[in-house]
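Please read the structure below before turning to the comments.
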Protein chains: 2
Amino acid sequence: MFSQAEENYLKALVQLIHFRDQGNEVGTNELALYLNVKPATANDMLKKLREKSLVSYVKYGKISLTVEGQKAGMDVVRKHRLWETFLVEKLDFAWDEVHEVAEQLEHIKSKKLVNSLDDFLQNPKFDPHGDAIPDREGRILIPYQRLLSEVSIGKSGKVVSVKDNSNSFLQYADKIGVRIGGMIEVAGRESYDGQTTLRVENKDHTVSDKFCMNIHVVCPTCKLGKDCSKNDCSF
Amino acid sequence: MFSQAEENYLKALVQLIHFRDQGNEVGTNELALYLNVKPATANDMLKKLREKSLVSYVKYGKISLTVEGQKAGMDVVRKHRLWETFLVEKLDFAWDEVHEVAEQLEHIKSKKLVNSLDDFLQNPKFDPHGDAIPDREGRILIPYQRLLSEVSIGKSGKVVSVKDNSNSFLQYADKIGVRIGGMIEVAGRESYDGQTTLRVENKDHTVSDKFCMNIHVVCPTCKLGKDCSKNDCSF
DNA sequence: ATTTTTTGTTAGGTCTACCTAACTTTATTA
DNA sequence: TAATAAAGTTAGGTAGACCTAACAAAAAAT
């Protein structure tokens with residue numbers, strides 16, 4: 001099969017190419033930065049993966065995954081997210097403790113293990129962060145997670161992640177009671193500039209559109225593991 | 001911490017030195033054979049482990065573990081056996097399918113994970129093969145597993161493993177209905193030569209002492225995870 | 001359109017864990 | 001006890017995944 005390093009590159013490419021809002025063009029430097037290695041190292045590996053027909057790229061060009069490479073990368077993502085779900089649901093890990101361990105567990109090689117784990121967890125469709133878990137064939141449901149800035153007035157969301165990790169943002173968020181796992185209701189929104197009134201822990205705060213665009217929330221009624229699109233989603 | 005390879009050597013040394021009936025003297029060749037590497041490789045690693053004060057040995061002498069090395073090796077054994085238990089009890093793996101996967105899982109580095117897993121499994125004392133699981137401090141209970149040749153007349157045991165893996169042995173065992181997980185009653189034993197009458201699936205078979213010395217059984221009443229010494233053990 | 005910056009590549013080096021082949025020490029046996 | 005066999009060691013070599021430093025190509029800015 002694939003080495004641990006190869007799997008890490010394939011997973012990174014899936015994340016960068018397919019699981020990103022913005023541009024899906026990826027280069028050597030960006031990939032290297034993402035994986036905390038030097039560009040020269042990433043370049044070596046890209047050549048190796050090209051040899052194996054897992055990525056397709058030309059010198060100085062952009063990188064893309066072959067069908068086979070995408071399948072392999074998706075499989076690593078699947079394993080990572082299943083293990084994260086296991087850690088949170090069965091072993092009572094907190095959301096922010098699981099990543100490092102899942103980074104290791106995702107490399108365990110056993111089809112039977114992954115599929116048994118999937119069944120044991122009752123085939124969840126989303127992991128604890130609200131990210132979709134690819135199925136056996138690498139297919140995913142469109143995540144029901146969305147930005148707070150896109151939640152309708154009067155609706156509520158449960159915070160699953162934040163995009164901005166700067167101290168100023170985090171401190172501000174903390175000050176007004178916005179934290180991972182917490183509930184937020186969108187009490188009002190000014191159409192002129194997007195100024196939004198949030199109701200958090202029974203207090204109202206008026207925040208900027210920019211602030212709201214950094215917060216991911218999920219629907220609080222259709223909880224983890226359900227296919228939101230089929231439910232009476234409160235968004 | 002320790003590399004995967006280092007952990008494998010430490011685990012192997014614990015197995016060879018502490019978890020064996022016969023002589024606990026171990027040399028380079030034997031260690032290499034056990035780990036499927038060449039003696040030269042084992043020798044390299046022994047030097048490295050000595051540098052790190054994990055093993056203690058002199059050139060051309062026998063190998064032993066330091067307190068620190070034994071603790072580290074025991075920890076790997078603990079993880080291996082906990083994962084085996086998880087696979088069998090929670091994911092419905094068969095006894096003979098777990099080893100390969102557990103070989104990988106035992107290298108996951110996270111104290112919290114191991115201890116949570118231990119709790120999740122309700123702190124089992126023995127793994128599915130009947131081998132003792134070391135606790136957080138590396139202590140183990142005396143295994144209640146014993147050889148069929150040591151089971152008293154009139155008592156029964158559940159087969160957990162066999163020592164002999166030759167075809168002739170396995171075929172013979174199969175023919176008389178002796179298989180992993182199956183029950184055997186010792187109906188009688190000749191004190192002269194140890195010829196033993198076994199009752200298997202309601203049929204009697206007379207077998208040699210040699211045959212019985214190759215079969216490990218556990219007490220069928222005090223099942224996995226219990227401390228046999230405290231119970232009304234049927235042995 | 002030329003210079004500068006950014007991005008990507010190559011060449012050569014390190015470290016780990018393995019190997020083979022040749023050699024030395026210890027143990028066994030004639 | 002000398003010869004032979006077994007066990008252990010050393011030297012030198014390979015492959016994978018990383019590195020630095022120097023260089024080349026493409027993109028951006030002047």
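To be explicit about the labels: the chains of the structure tokens are called A, B, and onward in the order shown, and within each one the residues are counted from 1, while ligands get numbers from 1 in the order they are shown.
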
Name the residues of region 46-97 of chain A that come out as strand (DSSP E) in a backbone DSSP run; write them as an MDAnalysis selection string.
-> chainID A and resid 55:56 64:65

For N, CA, C and O atoms, I'd like the residues from the last selection saved as a CSV table (one decimal), in the first residue's frame.
chain,number,residue,atom,x,y,z
A,55,VAL,N,-0.6,11.5,-8.6
A,55,VAL,CA,-0.9,12.9,-9.0
A,55,VAL,C,-0.5,13.1,-10.4
A,55,VAL,O,0.3,12.3,-11.0
A,56,SER,N,-1.0,14.2,-10.9
A,56,SER,CA,-0.7,14.5,-12.3
A,56,SER,C,-0.2,16.0,-12.3
A,56,SER,O,-0.9,16.9,-11.9
A,64,SER,N,-2.5,18.3,-9.6
A,64,SER,CA,-3.9,17.7,-9.4
A,64,SER,C,-3.8,16.2,-9.1
A,64,SER,O,-2.7,15.6,-9.4
A,65,LEU,N,-4.8,15.7,-8.6
A,65,LEU,CA,-4.9,14.3,-8.2
A,65,LEU,C,-5.5,13.5,-9.3
A,65,LEU,O,-6.4,13.9,-10.0

Identify all chain B residues at most 8 Å from chain A by counting only C-alpha atoms; ligands do not count. Present them as a list of chain:residue names.
-> B:Lys90, B:Leu91, B:Val101, B:Gln104, B:Leu105, B:Ile108, B:Lys109, B:Ser110, B:Leu113, B:Ser116, B:Leu117, B:Phe120

May I have the residues from that selection written out with C-alpha atoms, as a PDB file, in the first residue's frame?
ATOM      1  CA  LYS B  90     -16.396  -3.991  20.317  1.00  0.00           C
ATOM      2  CA  LEU B  91     -15.775  -4.594  16.629  1.00  0.00           C
ATOM      3  CA  VAL B 101      -3.961  -4.777  13.330  1.00  0.00           C
ATOM      4  CA  GLN B 104      -0.041  -1.257  14.233  1.00  0.00           C
ATOM      5  CA  LEU B 105      -2.342   0.209  16.877  1.00  0.00           C
ATOM      6  CA  ILE B 108      -0.198   5.122  18.679  1.00  0.00           C
ATOM      7  CA  LYS B 109       1.216   7.681  21.059  1.00  0.00           C
ATOM      8  CA  SER B 110      -1.304   9.123  23.492  1.00  0.00           C
ATOM      9  CA  LEU B 113      -6.085   7.406  24.488  1.00  0.00           C
ATOM     10  CA  SER B 116      -9.605   6.066  28.007  1.00  0.00           C
ATOM     11  CA  LEU B 117      -9.643   2.864  26.013  1.00  0.00           C
ATOM     12  CA  PHE B 120     -14.074   2.094  27.883  1.00  0.00           C
TER      13      PHE B 120
END

Pull the closest atom pair for each residue of chain B that gets at most 9 Å from chain C, along with the distance in Å to one decimal, counting only C-alpha atoms (C1' of nucleotides), ordering rows by chain and then ascending residue number, as CSV.
residue,atom,partner,partner_atom,distance
B:Ala5,CA,C:DA17,C1',7.8
B:Val37,CA,C:DC18,C1',8.0
B:Lys38,CA,C:DC19,C1',7.9
B:Ala40,CA,C:DC19,C1',8.6
B:Thr41,CA,C:DC18,C1',6.7
B:Met45,CA,C:DA17,C1',8.8
B:Tyr60,CA,C:DT25,C1',7.3

Region 151-189 of chain B: residues DSSP assigns to alpha helix (DSSP H), reported as a list in words | Asn167, Ser168, Phe169, Leu170, Gln171, Tyr172, Ala173, Asp174 and Lys175 of chain B

From the list B:Glu30, B:Asp209, B:Asp75, B:Glu6, the nearest residue to Leu46 (chain B) using only C-alpha atoms is B:Glu6

Residues within 10 Å of Val76 (chain A), only C-alpha atoms (C1' of nucleotides), excluding chain neighbours under 6 positions, as a PyMOL selection string | chain A and resi 7-8+10-12+14+70+82+103+105-108+134+138

Which chain D residues are at most 9 Å from chain A (counting only C-alpha atoms (C1' of nucleotides)), as a list in words?
->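 Those within range of chain A come out as DA17, DC18, DC19, DA25 and DA26 of chain D.
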
Residues at most 12 Å from region 128-132 of chain B, counting only C-alpha atoms (C1' of nucleotides), excluding those fewer than 3 positions away in the same chain, as a PyMOL selection string?
-> chain B and resi 15+19-20+74+77-90+92-99+123-125+135+138-147+157-162+180-181+216-220+222-228
